[in-house]
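Remarks on the structure that follows.
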Amino acid sequence: MMKKITILALFLLATSIFSQEVRLLKGAITENLVVNDSLGETYSIYLPTSFELSRPWPVVFVFDMKGKGRASMSMLTNAAEHEGYILASTDNLNDSLSIAQNVLVANRLCNAVVNTVPIAKNRTYTAGFGSGARFASILPTFIKEIDGVISIGASVGNVEILNPEQMFHFIGIVNRSDYNFRDMLEVRKVLDRLKFPNELLVYDGEQMLPDTDVISSALRMLTLNNIAKGQIKRNDSLIVDSYNQLMAKANSFLSNDRPMLAHYWLSDIDRVFNPLIDLDSLKTTQKILRRSSVFKQANRSQNNYFLKESFTKEDYSYYLEEDILTYNYANLGWWKYQMEELTKLDKSAVLYESQMASRLRGYINALIADNIDFIVAAKVVDFEALNFLYMLKTITSPAEYTSYLKVISNSSKIEDYGTALFYLEELLKHGYADKKELYALEHTALLRITPEFNELVEKYLKDARYDIIQQ
């Protein structure tokens with residue numbers, strides 16, 4: 001049955017699909033659209049306010065491995081609005097599913113969107129953050145219609161399956177303080193060797209997620225790549241304006257003593273605009289930058305901290321493996337010292353040193369998370385090793401409340417109430433205030449009626465559930 005789409009209002013579309021009316025908003029996210037009635041799968045879609053049915057549009061499918069696709073998509077809407085892209089995301093991906101199952105979910109999403117709104121040929125892309133980005137980067141291997149990937153804070157999911165016969169455009173976006181930064185630099189070399197078109201947009205800042213301007217730059221680069229390939233009509237005004245904007249960004253990094261950032265962005269500008277305009281002046285700028293003492297010193301300093309970081313990561317990996325195997329609770333003090341040293345480096349006046357500290361903290365937390373997942377997935381779960389990892393996580397990521405709750409629950413299960421009470425107080429010291437969750441915590445029924453438990457709740461949260469009986 002042919003779709004019938006009619007404009008109802010300035011910001012509202014009505015779509016009749018198989019006798020079902022679907023209302024799509026313009027300039028806002030439309031949620032809970034049905035992908036497949038029999039499977040109960042749903043998706044969300046964002047249409048820019050300039051959307052009209054008379055022409056096809058580029059689309060970015062945004063993936064999140066925790067089934068929170070709408071939340072991930074919402075972080076791209078401002079950029080999509082500015083650059084004129086449709087966004088879509090499924091609510092049914094999950095890292096507990098196999099890759100094959102998730103690929104099928106993604107494929108059904110793509111088909112649902114293509115059957116709902118007009119999608120431009122050769123302008124279908126995927127995107128994601130972290131694990132969602134890694135999944136987005138493997139999809140072009142399985143779904144040939146995908147032309148490019150925007151990967152935020154993550155490298156290519158599996159370089160082993162990259163196929164030069166089925167190329168796609170890869171754009172990585174990463175903060176230099178992100179532990180994935182160095183891996184993304186290395187994967188860029190692999191992509192270059194395989195001749196995959198790619199850029200790596202690098203930025204600084206306390207916020208690990210990129211701002212709208214950086215994401216907009218990635219979308220603009222995809223558009224310019226379409227122009228270079230002759231897939232959309234050449235727009236000289238857009239090309240010149242885009243070049244000037246990106247050059248202004250690179251020059252701002254030079255003005256603010258960020259020669260390495262300027263170097264990365266100039267390299268991307270070269271890649272994007274080389275097929276479009278004459279770049280003699282850009283190449284001169286790059287040559288002058290590379291020969292400058294400021295750049296050479298910055299490059300040398302960054303590489304020195306890269307080397308130090310590599311040695312420290314090897315230590316972290318070795319000692320963590322040993323501690324897990326031996327349940328080495330005595331070494332928690334050593335880990336606490338390591339985190340205190342990283343905290344000192346956070347305040348370093350040397351930019352590359354503080355960024356190294358952030359990457360190392362991200363690395364150890366990712367390593368702990370991987371080990372937790374591995375143990376939990378085993379046929380026979382090693383609960384003592386698991387409890388050690390949760391204890392360690394309270395040291396490496398003290399603001400993450402789940403780890404404290406896990407230790408309290410696991411310790412109460414074996415009636416180690418001294419340990420449970422210690423971690424309860426540490427949890428409350430860090431600002432935890434969900435009394436309802438605390439009193440419903442698994443395995444803590446006996447702990448919760450003790451005077452010590454209720455005294456701590458009274459001290460930090462007030463109004464303990466049970467009366468405190470003075471001995």
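Ordering of the structure tokens sets the chain letters (A, B, ...); residue numbers start at 1 within each chain; ligands are numbered from 1 in the order shown.
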When you look at segment 221-233 of chain A with a cut-off of 9 Å (counting only C-alpha atoms), what residues show up, excluding the ones that are within fewer than 4 positions of it in the same chain? I need them as a ChimeraX atom specification. /A:58,83,121-123,148,169,171,199,216-217,238-239,242,272-273,275-276
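Near Thr343 of chain A, within a cut-off of 12 Å and counting only C-alpha atoms, sit the residues Lys336, Tyr337, Glu353, Ser354, Gln355, Met356, Ala357, Ser358, Leu360, Arg361, Ile395, Thr396 and Ser397 of chain A, with same-chain residues fewer than 6 positions away left out.
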What does the distance between atom CA of Pro140 of chain A and atom CA of Gly157 of chain A come to in Å, to one decimal place? 11.2 Å
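Atom to atom, atom CA of Ile269 of chain A and atom CA of Phe306 of chain A stand 25.2 Å apart.
The coordinates place atom CA of Lys144 of chain A at 25.6 Å from atom CA of Asp37 of chain A.
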From a DSSP calculation on the backbone, collect every residue of segment 3-216 of chain A in alpha helix (DSSP H) and output the set as number ranges by chain. A: 69-74, 77-83, 99-114, 131-142, 181-193, 212-216
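Remark: for Gly27 of chain A, the closest of the candidate residues A:Asn111, A:Asn158, A:Thr284, A:Thr77 is A:Thr77 (distances computed over only C-alpha atoms).
Ranking A:Leu282, A:Ala349, A:Ile408, A:Leu25 by their shortest atom-to-atom distance to Thr394 of chain A, with only C-alpha atoms included, puts A:Ile408 first.
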Contact residues around segment 437-442 of chain A with only C-alpha atoms at 10 Å, ignoring same-chain residues under 2 positions, as number ranges by chain: A: 405-406, 408-410, 412-413, 424, 432-435, 444-445, 447-449, 457, 464-465
Please produce a file of the residues just selected, as a CSV table (one decimal), in the first residue's frame, where the atoms kept are N, CA, C and O atoms.
```csv
chain,number,residue,atom,x,y,z
A,405,LEU,N,26.6,0.0,46.8
A,405,LEU,CA,25.4,-0.8,47.1
A,405,LEU,C,25.7,-2.3,46.9
A,405,LEU,O,25.2,-3.2,47.7
A,406,LYS,N,26.5,-2.6,45.8
A,406,LYS,CA,26.8,-4.0,45.6
A,406,LYS,C,27.6,-4.6,46.7
A,406,LYS,O,27.4,-5.8,47.1
A,408,ILE,N,27.8,-3.6,49.9
A,408,ILE,CA,26.9,-3.7,51.1
A,408,ILE,C,26.0,-5.0,51.0
A,408,ILE,O,25.9,-5.7,51.9
A,409,SER,N,25.4,-5.2,49.8
A,409,SER,CA,24.6,-6.3,49.6
A,409,SER,C,25.3,-7.6,49.7
A,409,SER,O,24.9,-8.6,50.4
A,410,ASN,N,26.5,-7.7,49.0
A,410,ASN,CA,27.3,-9.0,49.0
A,410,ASN,C,27.9,-9.3,50.4
A,410,ASN,O,27.9,-10.4,50.8
A,412,SER,N,26.6,-8.3,53.3
A,412,SER,CA,25.5,-8.7,54.1
A,412,SER,C,25.1,-10.2,53.9
A,412,SER,O,24.7,-10.9,54.8
A,413,LYS,N,25.2,-10.6,52.6
A,413,LYS,CA,24.8,-12.0,52.3
A,413,LYS,C,25.7,-13.0,53.0
A,413,LYS,O,25.2,-14.1,53.4
A,424,LEU,N,28.6,1.4,53.8
A,424,LEU,CA,27.4,2.2,53.9
A,424,LEU,C,27.8,3.6,54.3
A,424,LEU,O,27.3,4.6,53.7
A,432,TYR,N,24.9,10.0,48.8
A,432,TYR,CA,23.8,9.1,48.5
A,432,TYR,C,22.6,9.5,49.4
A,432,TYR,O,22.8,9.6,50.6
A,433,ALA,N,21.4,9.5,48.8
A,433,ALA,CA,20.3,10.0,49.6
A,433,ALA,C,19.0,9.2,49.3
A,433,ALA,O,17.9,9.6,49.7
A,434,ASP,N,19.1,8.1,48.5
A,434,ASP,CA,17.9,7.3,48.2
A,434,ASP,C,17.6,6.3,49.3
A,434,ASP,O,17.9,5.1,49.2
A,435,LYS,N,16.8,6.8,50.3
A,435,LYS,CA,16.6,5.9,51.4
A,435,LYS,C,15.7,4.7,51.1
A,435,LYS,O,15.8,3.6,51.6
A,444,THR,N,20.0,-7.5,52.8
A,444,THR,CA,20.3,-6.6,54.0
A,444,THR,C,19.2,-6.6,55.0
A,444,THR,O,19.2,-5.7,55.9
A,445,ALA,N,18.3,-7.5,55.0
A,445,ALA,CA,17.2,-7.5,56.0
A,445,ALA,C,17.7,-7.5,57.4
A,445,ALA,O,17.2,-6.7,58.2
A,447,LEU,N,20.8,-6.7,58.5
A,447,LEU,CA,21.6,-5.5,58.6
A,447,LEU,C,20.8,-4.3,59.0
A,447,LEU,O,21.1,-3.4,59.8
A,448,ARG,N,19.6,-4.1,58.3
A,448,ARG,CA,18.8,-2.9,58.4
A,448,ARG,C,18.2,-2.7,59.7
A,448,ARG,O,17.8,-1.6,60.1
A,449,ILE,N,18.1,-3.8,60.5
A,449,ILE,CA,17.4,-3.7,61.9
A,449,ILE,C,18.5,-3.5,63.0
A,449,ILE,O,18.1,-3.4,64.1
A,457,VAL,N,22.1,6.0,59.1
A,457,VAL,CA,21.1,6.6,58.3
A,457,VAL,C,20.6,7.9,59.0
A,457,VAL,O,20.3,8.9,58.4
A,464,ALA,N,15.7,7.6,60.5
A,464,ALA,CA,15.9,6.2,60.3
A,464,ALA,C,14.5,5.5,60.4
A,464,ALA,O,13.7,5.9,61.2
A,465,ARG,N,14.4,4.4,59.6
A,465,ARG,CA,13.1,3.7,59.6
A,465,ARG,C,12.8,3.0,60.9
A,465,ARG,O,11.7,2.9,61.3
```
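Taking only C-alpha atoms, the non-local environment of Arg258 of chain A within 12 Å (same-chain residues fewer than 5 positions away omitted) comprises Arg176, Val202, Tyr203, Asp204, Lys249, Ala250, Asn251, Ser252, Phe253, His263, Tyr264, Trp265, Leu289, Val294, Phe295, Gln297, Ala298, Asn299, Gln302, Leu351 and Tyr352 of chain A.
Counting only C-alpha atoms and comparing A:Asp346, A:Glu452, A:Glu309, A:Glu458, the residue that lies closest to Tyr179 of chain A is A:Glu309.
Comparing A:Lys379, A:Val117, A:Arg300, A:Thr450 by their smallest distance to Leu53 of chain A, the closest is A:Val117 (using only C-alpha atoms).
Every residue of segment 111-189 of chain A found in strand (DSSP E or B) when DSSP is run on the backbone appears here: Ile119, Ala120, Lys121, Asn122, Arg123, Thr124, Tyr125, Thr126, Ala127, Gly128, Phe129, Gly148, Val149, Ile150, Ser151, Ile152, His169, Phe170, Ile171, Gly172, Ile173, Val174 and Asn175 of chain A.
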I want to know what sits within 8 Å of Lys66 of chain A, based on only C-alpha atoms, with residues of the same chain fewer than 3 positions away left out; could you give that as a PDB file with N, CA and C atoms, in the first residue's frame?
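The new file part13.pdb reads:
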```pdb
ATOM      1  N   GLY A  69      18.124   4.856  23.033  1.00  0.00           N
ATOM      2  CA  GLY A  69      18.426   5.532  21.781  1.00  0.00           C
ATOM      3  C   GLY A  69      17.929   6.959  21.724  1.00  0.00           C
ATOM      4  N   LEU A  93      17.868  -1.976  21.120  1.00  0.00           N
ATOM      5  CA  LEU A  93      19.225  -2.524  21.163  1.00  0.00           C
ATOM      6  C   LEU A  93      19.604  -2.825  22.600  1.00  0.00           C
ATOM      7  N   ASN A  94      20.426  -3.854  22.793  1.00  0.00           N
ATOM      8  CA  ASN A  94      20.889  -4.167  24.143  1.00  0.00           C
ATOM      9  C   ASN A  94      22.178  -4.972  24.052  1.00  0.00           C
ATOM     10  N   ASP A  95      23.155  -4.634  24.912  1.00  0.00           N
ATOM     11  CA  ASP A  95      24.424  -5.355  24.858  1.00  0.00           C
ATOM     12  C   ASP A  95      24.311  -6.781  25.383  1.00  0.00           C
TER      13      ASP A  95
END
```
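Residues in contact with Met75 of chain A at 10 Å, where only C-alpha atoms are counted and same-chain residues fewer than 2 positions away are skipped, are listed as A:Arg70, A:Ala71, A:Ser72, A:Met73, A:Thr77, A:Asn78, A:Ala79, A:Ala80, A:Phe129, A:Leu209, A:Pro210, A:Asp211, A:Thr212, A:Ile215.
Between Tyr329 of chain A and the candidates A:Tyr390, A:Phe374, A:Phe170, A:Tyr460, the tightest atom-to-atom separation, counting only C-alpha atoms, involves A:Tyr390.
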